[in-house]
Structures are given as structure tokens and as C-alpha cells.
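Shown next, in C-alpha cells, is the structure this report addresses.
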Amino acid sequence: MVLKRWTDDDFEICKTSVMKFNLLPTSEIEKFKYNELIIKETALQVIKDFASFGMEVNFPGDISYAYESLYFQLTRIIAELLQREPEKLSALLYQIDLDESRLQSQPELFSEHEFISGMILEREFFKVLTRHYFRNNP
């Protein structure tokens, strides 16, 4: 399987929802994408959510490839869940707070497990950003 590089386009969908509420300007979101603390907290959020369902996700040693590594791990897990345990996947998506109706708009470029994995990473990233925003702006 070829790793999909995490690009600016990968964040566009969630940027729109965060900007809709004027929580963070786009320039702030761009800065946070490469912030070491945000990357680590995003990885920890993914690890925590998957662990609550008995699934192991590991944080890579090199944060410069953290998103790619997480994405690769998630695509394998999600593909397995789609095939063998779709009800567990639904519960996981509910835990992550990822609306399954958003998954209906899957672009044709991606397989279902790739698309879901990308959406999970985006949602976890924006959870962390939202937490930081409200922690710093009570």
C-alpha cells in the first residue's frame, strides 16, 4: 500500500466547519498543522479513542511523518473493521464524534477505508485545536 501524503487539501473540509464558527482563522490552522505539541496531542487522541475499543495505534518516533504513519495504521484497522466488524466501526465513529452522514460524500479518488481514515485524523486534529482554543480563550 502506498502512503498518502497529508496535504493542505486534506484539511479543507474541517477548516470550513471550524471557520464557520469563527473559532480560528485559516492562518492559525495552518500554523497548528505542523506544531509539534498539536501533532503529539492529535496522535494521543487517536491512540486513546482506538484503545477504548481494544485497538492499538502507535505513535511514530519521528513527528515529521506522524500523520502519514497514523494514516497508514488507521487504513489497515478501518479496512478490517469494514470487512469484519462494521458495528464496531459505527461505535468507534460515534466515540470520535464523526458524523457517519459526512462519510456519504466520499470522493471517488479514495477507497472507503482511506476516506474514513482521513476523516478520523481530521476530526481528531480539530478536537485538539478546539481544546487549545478554549483553554486559551476561556
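Residues in the C-alpha cells are numbered from 1 in each chain, the chains being A, B, ... in the order shown, and ligands are numbered from 1 in the order shown.
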
Handout entry: All residues 9 Å or closer to stretch 92-102 of chain A, only C-alpha atoms, same chain fewer than 2 positions away omitted, as a count of residues only
Key = 16

Exercise for the section: Identify, with DSSP run on backbone atoms, the residues in stretch 53-98 of chain A assigned to alpha helix (DSSP H), and express the list as a PyMOL selection string. Expected result: chain A and resi 66-84+86-96

Restricting the output to C-alpha atoms, write the selected residues as a CSV table (one decimal), in the first residue's frame.
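Writing done, so here's selection12.csv:
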```csv
chain,number,residue,atom,x,y,z
A,66,ALA,CA,3.3,11.3,12.3
A,67,TYR,CA,0.2,12.0,10.1
A,68,GLU,CA,1.4,9.6,7.4
A,69,SER,CA,2.2,6.9,10.0
A,70,LEU,CA,-1.2,7.3,11.8
A,71,TYR,CA,-3.0,7.3,8.4
A,72,PHE,CA,-1.3,4.1,7.3
A,73,GLN,CA,-2.2,2.4,10.6
A,74,LEU,CA,-5.8,3.6,10.5
A,75,THR,CA,-6.4,2.5,6.9
A,76,ARG,CA,-5.4,-1.1,7.9
A,77,ILE,CA,-7.6,-1.0,11.0
A,78,ILE,CA,-10.6,0.6,9.2
A,79,ALA,CA,-10.4,-1.8,6.3
A,80,GLU,CA,-10.5,-4.7,8.8
A,81,LEU,CA,-13.5,-3.2,10.6
A,82,LEU,CA,-15.4,-2.5,7.4
A,83,GLN,CA,-15.0,-6.2,6.4
A,84,ARG,CA,-15.4,-7.9,9.8
A,86,PRO,CA,-19.0,-2.8,10.8
A,87,GLU,CA,-21.0,-2.3,14.1
A,88,LYS,CA,-17.7,-1.8,16.0
A,89,LEU,CA,-16.7,0.8,13.4
A,90,SER,CA,-20.0,2.6,13.8
A,91,ALA,CA,-19.4,2.7,17.6
A,92,LEU,CA,-15.9,4.0,17.1
A,93,LEU,CA,-17.1,6.7,14.7
A,94,TYR,CA,-19.7,7.7,17.3
A,95,GLN,CA,-16.9,7.8,20.0
A,96,ILE,CA,-14.8,10.0,17.8
```

Practice task
Would you work out the distance separating atom CA of A:Phe32 from atom CA of A:Lys48, expressed in Å to one decimal?
Solution key: 20.5 Å
